[in-house]
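K.L.:
My structure is in my_file05.cif, and what it holds is mmCIF, C-alpha atoms and all ligand atoms:
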```cif
data_input
#
loop_
_atom_site.group_PDB
_atom_site.id
_atom_site.type_symbol
_atom_site.label_atom_id
_atom_site.label_comp_id
_atom_site.auth_asym_id
_atom_site.auth_seq_id
_atom_site.Cartn_x
_atom_site.Cartn_y
_atom_site.Cartn_z
ATOM 1 C CA MET D 1 0.000 0.000 0.000
ATOM 2 C CA ASN D 2 1.260 3.438 -0.947
ATOM 3 C CA ILE D 3 -0.177 6.473 0.879
ATOM 4 C CA ARG D 4 0.302 9.524 -1.319
ATOM 5 C CA ASN D 5 -1.152 12.925 -2.195
ATOM 6 C CA GLU D 6 -4.191 12.862 -4.455
ATOM 7 C CA GLN D 7 -3.568 13.823 -8.070
ATOM 8 C CA ALA D 8 -5.969 15.103 -10.725
ATOM 9 C CA GLY D 9 -5.883 11.665 -12.358
ATOM 10 C CA ASP D 10 -7.378 10.170 -9.148
ATOM 11 C CA TYR D 11 -10.481 12.372 -9.015
ATOM 12 C CA VAL D 12 -12.806 9.972 -10.846
ATOM 13 C CA ALA D 13 -11.647 7.025 -8.736
ATOM 14 C CA ILE D 14 -12.014 9.083 -5.534
ATOM 15 C CA ARG D 15 -15.556 10.037 -6.487
ATOM 16 C CA ARG D 16 -16.386 6.386 -7.122
ATOM 17 C CA LEU D 17 -14.797 5.279 -3.849
ATOM 18 C CA LEU D 18 -16.632 7.897 -1.760
ATOM 19 C CA THR D 19 -19.968 7.065 -3.382
ATOM 20 C CA GLU D 20 -19.459 3.362 -2.740
ATOM 21 C CA ALA D 21 -18.210 3.732 0.847
ATOM 22 C CA PHE D 22 -20.955 6.162 1.910
ATOM 23 C CA GLY D 23 -23.755 4.642 -0.193
ATOM 24 C CA GLY D 24 -24.516 7.971 -1.895
ATOM 25 C CA ASP D 25 -22.738 10.810 -3.630
ATOM 26 C CA GLY D 26 -22.974 13.501 -0.903
ATOM 27 C CA GLU D 27 -19.355 13.163 0.250
ATOM 28 C CA ALA D 28 -18.096 12.933 -3.345
ATOM 29 C CA LYS D 29 -19.816 16.227 -4.136
ATOM 30 C CA LEU D 30 -18.505 17.733 -0.908
ATOM 31 C CA VAL D 31 -14.924 16.913 -1.911
ATOM 32 C CA ASP D 32 -15.434 18.314 -5.425
ATOM 33 C CA SER D 33 -16.768 21.572 -3.951
ATOM 34 C CA LEU D 34 -14.042 21.888 -1.308
ATOM 35 C CA ARG D 35 -11.415 21.301 -3.982
ATOM 36 C CA ALA D 36 -12.977 23.899 -6.292
ATOM 37 C CA ASP D 37 -13.009 26.386 -3.409
ATOM 38 C CA GLY D 38 -9.329 25.702 -2.655
ATOM 39 C CA ASP D 39 -10.257 24.596 0.855
ATOM 40 C CA ILE D 40 -8.538 21.207 0.901
ATOM 41 C CA ALA D 41 -5.280 21.415 2.822
ATOM 42 C CA ILE D 42 -4.198 17.777 2.590
ATOM 43 C CA ALA D 43 -5.809 14.951 0.615
ATOM 44 C CA LEU D 44 -4.299 11.494 0.604
ATOM 45 C CA VAL D 45 -5.143 8.323 -1.232
ATOM 46 C CA ALA D 46 -4.237 4.786 -0.275
ATOM 47 C CA ASP D 47 -3.024 3.292 -3.523
ATOM 48 C CA ILE D 48 -3.094 -0.492 -3.589
ATOM 49 C CA GLU D 49 -1.663 -1.953 -6.782
ATOM 50 C CA GLY D 50 -2.595 1.161 -8.732
ATOM 51 C CA GLU D 51 -6.175 1.315 -7.406
ATOM 52 C CA VAL D 52 -7.498 4.023 -5.073
ATOM 53 C CA ALA D 53 -8.566 1.928 -2.070
ATOM 54 C CA GLY D 54 -8.890 4.706 0.488
ATOM 55 C CA TYR D 55 -9.133 8.456 0.865
ATOM 56 C CA ALA D 56 -8.730 11.013 3.648
ATOM 57 C CA ALA D 57 -8.988 14.788 3.425
ATOM 58 C CA LEU D 58 -8.192 17.643 5.773
ATOM 59 C CA SER D 59 -10.003 20.846 4.929
ATOM 60 C CA VAL D 60 -9.340 24.342 6.153
ATOM 61 C CA LEU D 61 -11.625 25.667 8.883
ATOM 62 C CA LYS D 62 -12.581 29.336 8.893
ATOM 63 C CA SER D 63 -12.004 29.343 12.663
ATOM 64 C CA PRO D 64 -10.059 28.755 14.912
ATOM 65 C CA PRO D 65 -6.864 29.821 13.133
ATOM 66 C CA ARG D 66 -4.585 27.025 11.811
ATOM 67 C CA SER D 67 -7.323 24.448 12.418
ATOM 68 C CA LEU D 68 -8.361 21.677 10.078
ATOM 69 C CA ALA D 69 -11.315 19.324 9.681
ATOM 70 C CA LEU D 70 -10.744 15.641 8.979
ATOM 71 C CA ALA D 71 -13.466 14.609 6.516
ATOM 72 C CA PRO D 72 -14.234 12.538 4.695
ATOM 73 C CA VAL D 73 -12.332 9.340 5.456
ATOM 74 C CA ALA D 74 -13.347 6.330 3.409
ATOM 75 C CA VAL D 75 -12.042 2.911 2.485
ATOM 76 C CA ALA D 76 -13.435 0.731 -0.301
ATOM 77 C CA PRO D 77 -15.780 -1.825 1.293
ATOM 78 C CA ALA D 78 -13.697 -4.763 0.035
ATOM 79 C CA GLN D 79 -10.556 -3.309 1.677
ATOM 80 C CA GLN D 80 -11.996 -2.326 5.059
ATOM 81 C CA ARG D 81 -10.691 -3.679 8.384
ATOM 82 C CA GLN D 82 -7.185 -4.172 7.057
ATOM 83 C CA GLY D 83 -5.634 -1.041 8.515
ATOM 84 C CA VAL D 84 -6.079 1.188 5.443
ATOM 85 C CA GLY D 85 -8.205 3.790 7.263
ATOM 86 C CA SER D 86 -5.783 3.882 10.200
ATOM 87 C CA ALA D 87 -2.769 4.329 7.928
ATOM 88 C CA LEU D 88 -4.498 7.202 6.108
ATOM 89 C CA ILE D 89 -5.526 8.984 9.305
ATOM 90 C CA GLU D 90 -2.091 8.598 10.898
ATOM 91 C CA GLU D 91 -0.406 9.989 7.789
ATOM 92 C CA THR D 92 -2.820 12.966 7.516
ATOM 93 C CA LEU D 93 -2.067 13.826 11.159
ATOM 94 C CA ARG D 94 1.664 13.450 10.626
ATOM 95 C CA ARG D 95 1.553 15.817 7.665
ATOM 96 C CA ALA D 96 -0.694 18.300 9.456
ATOM 97 C CA ARG D 97 1.805 18.355 12.342
ATOM 98 C CA ALA D 98 4.689 18.858 9.919
ATOM 99 C CA ALA D 99 2.777 21.773 8.357
ATOM 100 C CA GLU D 100 2.396 23.272 11.856
ATOM 101 C CA GLY D 101 -1.352 22.839 12.015
ATOM 102 C CA GLY D 102 -2.895 23.740 15.368
ATOM 103 C CA MET D 103 -5.921 21.515 15.888
ATOM 104 C CA VAL D 104 -7.741 18.891 13.865
ATOM 105 C CA PHE D 105 -11.479 18.426 14.427
ATOM 106 C CA VAL D 106 -13.514 15.407 13.391
ATOM 107 C CA VAL D 107 -17.134 14.294 13.650
ATOM 108 C CA GLY D 108 -17.327 10.538 13.894
ATOM 109 C CA ASP D 109 -17.383 7.387 15.951
ATOM 110 C CA PRO D 110 -15.673 8.122 19.305
ATOM 111 C CA GLU D 111 -14.348 4.571 19.649
ATOM 112 C CA TYR D 112 -12.711 4.647 16.230
ATOM 113 C CA TYR D 113 -11.142 8.110 16.445
ATOM 114 C CA ALA D 114 -9.934 7.756 20.051
ATOM 115 C CA ARG D 115 -7.212 5.395 18.869
ATOM 116 C CA PHE D 116 -5.583 8.259 16.967
ATOM 117 C CA GLY D 117 -5.705 10.629 19.946
ATOM 118 C CA PHE D 118 -8.955 12.450 19.179
ATOM 119 C CA SER D 119 -11.218 13.180 22.131
ATOM 120 C CA ALA D 120 -14.487 14.934 22.833
ATOM 121 C CA ASP D 121 -12.756 16.541 25.841
ATOM 122 C CA ALA D 122 -10.285 18.343 23.589
ATOM 123 C CA ALA D 123 -13.196 19.755 21.545
ATOM 124 C CA ARG D 124 -15.431 20.729 24.446
ATOM 125 C CA SER D 125 -14.334 24.354 24.791
ATOM 126 C CA PHE D 126 -15.005 25.018 21.080
ATOM 127 C CA ASP D 127 -18.526 25.998 20.052
ATOM 128 C CA SER D 128 -19.788 24.059 17.068
ATOM 129 C CA LEU D 129 -22.918 23.071 15.228
ATOM 130 C CA TYR D 130 -21.644 19.525 15.694
ATOM 131 C CA ALA D 131 -21.014 19.736 19.462
ATOM 132 C CA GLY D 132 -21.612 16.472 21.303
ATOM 133 C CA GLU D 133 -19.861 13.173 21.940
ATOM 134 C CA HIS D 134 -19.176 12.662 18.213
ATOM 135 C CA PHE D 135 -17.406 15.990 17.932
ATOM 136 C CA MET D 136 -13.740 15.455 18.718
ATOM 137 C CA ALA D 137 -10.414 17.185 18.370
ATOM 138 C CA ILE D 138 -6.702 16.583 18.643
ATOM 139 C CA ALA D 139 -4.170 19.305 19.422
ATOM 140 C CA LEU D 140 -1.104 19.101 17.208
ATOM 141 C CA THR D 141 0.981 21.510 19.246
ATOM 142 C CA GLU D 142 1.599 22.054 22.952
ATOM 143 C CA THR D 143 -0.144 25.416 22.802
ATOM 144 C CA PRO D 144 -3.865 24.802 22.337
ATOM 145 C CA ALA D 145 -5.826 26.930 19.880
ATOM 146 C CA PRO D 146 -7.728 29.801 21.536
ATOM 147 C CA ALA D 147 -11.323 28.880 22.376
ATOM 148 C CA ALA D 148 -13.230 30.056 19.318
ATOM 149 C CA PRO D 149 -16.198 28.786 17.349
ATOM 150 C CA VAL D 150 -15.351 25.975 14.943
ATOM 151 C CA LEU D 151 -16.548 27.169 11.556
ATOM 152 C CA TYR D 152 -16.617 24.661 8.710
ATOM 153 C CA SER D 153 -16.797 25.574 5.034
ATOM 154 C CA ARG D 154 -20.406 26.224 4.051
ATOM 155 C CA ARG D 155 -20.066 23.163 1.794
ATOM 156 C CA PHE D 156 -20.541 20.924 4.839
ATOM 157 C CA ALA D 157 -23.969 22.442 5.426
ATOM 158 C CA GLU D 158 -24.909 21.429 1.861
ATOM 159 C CA LEU D 159 -24.100 17.775 2.650
HETATM 160 C C1 LIG P 1 -14.494 4.065 8.888
HETATM 161 C C2 LIG P 1 -13.530 3.518 7.844
HETATM 162 C C3 LIG P 1 -12.831 4.664 7.127
HETATM 163 C C4 LIG P 1 -12.477 2.671 8.580
HETATM 164 O O1 LIG P 1 -11.522 2.216 7.627
HETATM 165 P P1 LIG P 1 -10.832 0.782 7.792
HETATM 166 O O2 LIG P 1 -9.718 0.707 6.821
HETATM 167 O O3 LIG P 1 -11.880 -0.267 7.734
HETATM 168 O O4 LIG P 1 -10.280 0.903 9.285
HETATM 169 P P2 LIG P 1 -9.057 0.143 9.930
HETATM 170 O O5 LIG P 1 -8.846 -1.172 9.236
HETATM 171 O O6 LIG P 1 -7.913 1.054 10.023
HETATM 172 O O7 LIG P 1 -9.584 -0.089 11.369
HETATM 173 C C5 LIG P 1 -10.511 -1.130 11.555
HETATM 174 C C6 LIG P 1 -11.043 -1.034 12.930
HETATM 175 O O8 LIG P 1 -11.755 0.155 13.055
HETATM 176 C C7 LIG P 1 -12.980 -0.084 13.711
HETATM 177 N N1 LIG P 1 -13.980 0.444 12.826
HETATM 178 C C8 LIG P 1 -14.022 0.417 11.491
HETATM 179 N N2 LIG P 1 -15.094 1.086 11.051
HETATM 180 C C9 LIG P 1 -15.712 1.554 12.148
HETATM 181 C C10 LIG P 1 -16.870 2.319 12.348
HETATM 182 N N3 LIG P 1 -17.636 2.757 11.338
HETATM 183 N N4 LIG P 1 -17.213 2.614 13.606
HETATM 184 C C11 LIG P 1 -16.464 2.172 14.636
HETATM 185 N N5 LIG P 1 -15.375 1.451 14.498
HETATM 186 C C12 LIG P 1 -15.001 1.146 13.270
HETATM 187 C C13 LIG P 1 -13.114 -1.512 14.000
HETATM 188 O O9 LIG P 1 -12.874 -1.650 15.377
HETATM 189 C C14 LIG P 1 -12.001 -2.164 13.225
HETATM 190 O O10 LIG P 1 -11.307 -3.008 14.014
HETATM 191 P P3 LIG P 1 -11.615 -4.601 13.901
HETATM 192 O O11 LIG P 1 -11.410 -4.963 12.457
HETATM 193 O O12 LIG P 1 -10.616 -5.163 14.821
HETATM 194 O O13 LIG P 1 -13.028 -4.743 14.342
HETATM 195 C C15 LIG P 1 -14.249 2.606 6.823
HETATM 196 O O14 LIG P 1 -14.922 1.607 7.508
HETATM 197 C C16 LIG P 1 -15.237 3.324 5.909
HETATM 198 O O15 LIG P 1 -14.879 3.812 4.841
HETATM 199 N N6 LIG P 1 -16.523 3.385 6.313
HETATM 200 C C17 LIG P 1 -17.556 4.039 5.488
HETATM 201 C C18 LIG P 1 -17.382 5.539 5.462
HETATM 202 C C19 LIG P 1 -17.342 6.161 6.853
HETATM 203 O O16 LIG P 1 -18.203 5.894 7.681
HETATM 204 N N7 LIG P 1 -16.310 7.002 7.109
HETATM 205 C C20 LIG P 1 -16.094 7.609 8.413
HETATM 206 C C21 LIG P 1 -16.813 8.884 8.591
HETATM 207 S S1 LIG P 1 -16.069 10.270 7.746
#
```
What's the structure tokens form of this structure?
Ligand SMILES: CC(C)(COP(=O)(O)OP(=O)(O)OC[C@H]1O[C@@H](n2cnc3c(N)ncnc32)[C@H](O)[C@@H]1OP(=O)(O)O)[C@@H](O)C(=O)NCCC(=O)NCCS
P.N.:
Amino acid sequence: MNIRNEQAGDYVAIRRLLTEAFGGDGEAKLVDSLRADGDIAIALVADIEGEVAGYAALSVLKSPPRSLALAPVAVAPAQQRQGVGSALIEETLRRARAAEGGMVFVVGDPEYYARFGFSADAARSFDSLYAGEHFMAIALTETPAPAAPVLYSRRFAEL
């Protein structure tokens, strides 16, 4: 498995993968819109023998400063539960840290994301439309981001 940056030649395969993994094209359209807006900071594919088997994107949040949203993460149904999702998430976090990102927020299954260091506790002081036990964060630096509302691209509201 090769985890690498997405390239324009992957876009059709990414769209297909997201539609298959989520059972609808909402996330595929979300990614197309975020890309068109220039709001994707990091987008990685898991390339297995030349096929796009997984995808993870970090998009830019409008607030707090230097914060990112992890979404979507998807692995082709036939390749799930083999560590592909974990490898993608770990690599997106590694790259976000290297790029001196401040915080990464995610909305998802607490049990799954806890293994990467995300917690609802870390997100609690940040106001969000998504507040609750599924709304989690991880601080990438020792200095936490100032408590500020977490504002996603308006494209998420269209999902
Ligand atoms: C969630 C997802 C990305 C995980 O990818 P993956 O490659 O299967 O994950 P990994 O192999 O790294 O980890 C597997 C472990 O994660 C856990 N896991 C996987 N999917 C999970 C889910 N939806 N909820 C909770 N735990 C989950 C399981 O405990 C599994 O461990 P097990 O095989 O020992 O039971 C993948 O299942 C997927 O694409 N799902 C559909 C889209 C989606 O819901 N994306 C997340 C929201 S953005």
K.L.:
List all protein, DNA and RNA residues that have any atom at most 9 Å from ligand LIG 1 (chain P), counting only C-alpha atoms and all ligand atoms, and write the list as a ChimeraX atom specification.
P.N.:
/D:17-18,20-23,27,54-56,70-77,79-89,106-113
K.L.:
Restricting the output to C-alpha atoms, write the selected residues as a compact mmCIF listing (two decimals), in the frame of the given file.
P.N.:
```
# COMPACT_ATOMS: atom_id res chain seq x y z
CA LEU D 17 -14.80 5.28 -3.85
CA LEU D 18 -16.63 7.90 -1.76
CA GLU D 20 -19.46 3.36 -2.74
CA ALA D 21 -18.21 3.73 0.85
CA PHE D 22 -20.96 6.16 1.91
CA GLY D 23 -23.76 4.64 -0.19
CA GLU D 27 -19.36 13.16 0.25
CA GLY D 54 -8.89 4.71 0.49
CA TYR D 55 -9.13 8.46 0.86
CA ALA D 56 -8.73 11.01 3.65
CA LEU D 70 -10.74 15.64 8.98
CA ALA D 71 -13.47 14.61 6.52
CA PRO D 72 -14.23 12.54 4.70
CA VAL D 73 -12.33 9.34 5.46
CA ALA D 74 -13.35 6.33 3.41
CA VAL D 75 -12.04 2.91 2.48
CA ALA D 76 -13.44 0.73 -0.30
CA PRO D 77 -15.78 -1.82 1.29
CA GLN D 79 -10.56 -3.31 1.68
CA GLN D 80 -12.00 -2.33 5.06
CA ARG D 81 -10.69 -3.68 8.38
CA GLN D 82 -7.18 -4.17 7.06
CA GLY D 83 -5.63 -1.04 8.52
CA VAL D 84 -6.08 1.19 5.44
CA GLY D 85 -8.20 3.79 7.26
CA SER D 86 -5.78 3.88 10.20
CA ALA D 87 -2.77 4.33 7.93
CA LEU D 88 -4.50 7.20 6.11
CA ILE D 89 -5.53 8.98 9.30
CA VAL D 106 -13.51 15.41 13.39
CA VAL D 107 -17.13 14.29 13.65
CA GLY D 108 -17.33 10.54 13.89
CA ASP D 109 -17.38 7.39 15.95
CA PRO D 110 -15.67 8.12 19.30
CA GLU D 111 -14.35 4.57 19.65
CA TYR D 112 -12.71 4.65 16.23
CA TYR D 113 -11.14 8.11 16.44
```
K.L.:
Give me the residues near region 61-69 of chain D as an MDAnalysis selection string, where near means some atom within 7 Å (using all atoms listed in the file) and where sequence neighbours in that chain fewer than 5 positions away do not count.
P.N.:
chainID D and resid 101:106 145 148:153
K.L.:
At a cut-off of 6 Å from (-1.9, 17.0, 8.5) in the coordinates of the file, what residues are picked up using all atoms listed in the file, written as a PDB file with C-alpha atoms, keeping the file's coordinate frame?
P.N.:
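That gives us result.pdb:
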```pdb
ATOM      1  CA  THR D  92      -2.820  12.966   7.516  1.00  0.00           C
ATOM      2  CA  LEU D  93      -2.067  13.826  11.159  1.00  0.00           C
ATOM      3  CA  ARG D  94       1.664  13.450  10.626  1.00  0.00           C
ATOM      4  CA  ARG D  95       1.553  15.817   7.665  1.00  0.00           C
ATOM      5  CA  ALA D  96      -0.694  18.300   9.456  1.00  0.00           C
ATOM      6  CA  ARG D  97       1.805  18.355  12.342  1.00  0.00           C
TER       7      ARG D  97
END
```
K.L.:
Run through the PyMOL selection byres (((chain D and resi 46) around 8) and not hetatm) on the given coordinates and return the selected residues as an MDAnalysis selection string.
P.N.:
chainID D and resid 1:4 44:45 47:48 52:55 84 88
K.L.:
Keeping C-alpha atoms, export the residues of the selection given above as an mmCIF file, keeping the file's coordinate frame.
P.N.:
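Below is the file again-v3.cif, written as the result:
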```cif
data_model
loop_
_atom_site.group_PDB
_atom_site.id
_atom_site.type_symbol
_atom_site.label_atom_id
_atom_site.label_comp_id
_atom_site.auth_asym_id
_atom_site.auth_seq_id
_atom_site.Cartn_x
_atom_site.Cartn_y
_atom_site.Cartn_z
ATOM 1 C CA MET D 1 0.000 0.000 0.000
ATOM 2 C CA ASN D 2 1.260 3.438 -0.947
ATOM 3 C CA ILE D 3 -0.177 6.473 0.879
ATOM 4 C CA ARG D 4 0.302 9.524 -1.319
ATOM 5 C CA LEU D 44 -4.299 11.494 0.604
ATOM 6 C CA VAL D 45 -5.143 8.323 -1.232
ATOM 7 C CA ASP D 47 -3.024 3.292 -3.523
ATOM 8 C CA ILE D 48 -3.094 -0.492 -3.589
ATOM 9 C CA VAL D 52 -7.498 4.023 -5.073
ATOM 10 C CA ALA D 53 -8.566 1.928 -2.070
ATOM 11 C CA GLY D 54 -8.890 4.706 0.488
ATOM 12 C CA TYR D 55 -9.133 8.456 0.865
ATOM 13 C CA VAL D 84 -6.079 1.188 5.443
ATOM 14 C CA LEU D 88 -4.498 7.202 6.108
#
```
K.L.:
Carefully work through the PyMOL selection byres (((chain D and resi 31) around 9) and not hetatm) for this structure and note down the residues it includes, as a ChimeraX atom specification.
P.N.:
/D:15,26-30,32-36,40,57,71-72,155
K.L.:
May I ask for the distance between CA of Arg115 (chain D) and CA of Ile42 (chain D), given in Å to one decimal place?
P.N.:
20.7 Å
K.L.:
Can you list, as a CSV table (one decimal) with C-alpha atoms, keeping the file's coordinate frame, the residues that the PyMOL selection byres (((chain D and resi 133) around 10) and not hetatm) selects here?
P.N.:
```
chain,number,residue,atom,x,y,z
D,107,VAL,CA,-17.1,14.3,13.6
D,108,GLY,CA,-17.3,10.5,13.9
D,109,ASP,CA,-17.4,7.4,16.0
D,110,PRO,CA,-15.7,8.1,19.3
D,119,SER,CA,-11.2,13.2,22.1
D,120,ALA,CA,-14.5,14.9,22.8
D,121,ASP,CA,-12.8,16.5,25.8
D,123,ALA,CA,-13.2,19.8,21.5
D,124,ARG,CA,-15.4,20.7,24.4
D,130,TYR,CA,-21.6,19.5,15.7
D,131,ALA,CA,-21.0,19.7,19.5
D,132,GLY,CA,-21.6,16.5,21.3
D,134,HIS,CA,-19.2,12.7,18.2
D,135,PHE,CA,-17.4,16.0,17.9
D,136,MET,CA,-13.7,15.5,18.7
```
K.L.:
Report, in Å to a single decimal, how far apart CA of Leu159 (chain D) and CA of Gly50 (chain D) are.
P.N.:
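Separating CA of Gly50 (chain D) from CA of Leu159 (chain D) is a distance of 29.5 Å.
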K.L.:
Could you tell me which of D:Asp37, D:Glu91, D:Asp127, D:Glu6 comes closest to Pro146 (chain D) if we count all atoms listed in the file?
P.N.:
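Smallest distance to Pro146 (chain D) is found for D:Asp127.
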K.L.:
Report, in Å to a single decimal, how far apart CA of Ala98 (chain D) and CA of Leu140 (chain D) are.
P.N.:
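Spanning CA of Leu140 (chain D) to CA of Ala98 (chain D) is a straight-line distance of 9.3 Å.
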K.L.:
Using all atoms listed in the file, which residue out of D:Tyr11, D:Phe126, D:Phe118, D:Phe156 lies closest to Ala139 (chain D)?
P.N.:
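Looking only at the distances to Ala139 (chain D), the closest residue turns out to be D:Phe118.
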K.L.:
How big is the axis-aligned box, and where does its centre sit, when it encloses all atoms of region 81-85 of chain D listed in the file and has 8 Å added on every side, reported in Å to one decimal as lines of an AutoDock Vina configuration file?
P.N.:
```
center_x = -8.2
center_y = -0.2
center_z = 7.0
size_x = 21.1
size_y = 24.0
size_z = 19.1
```
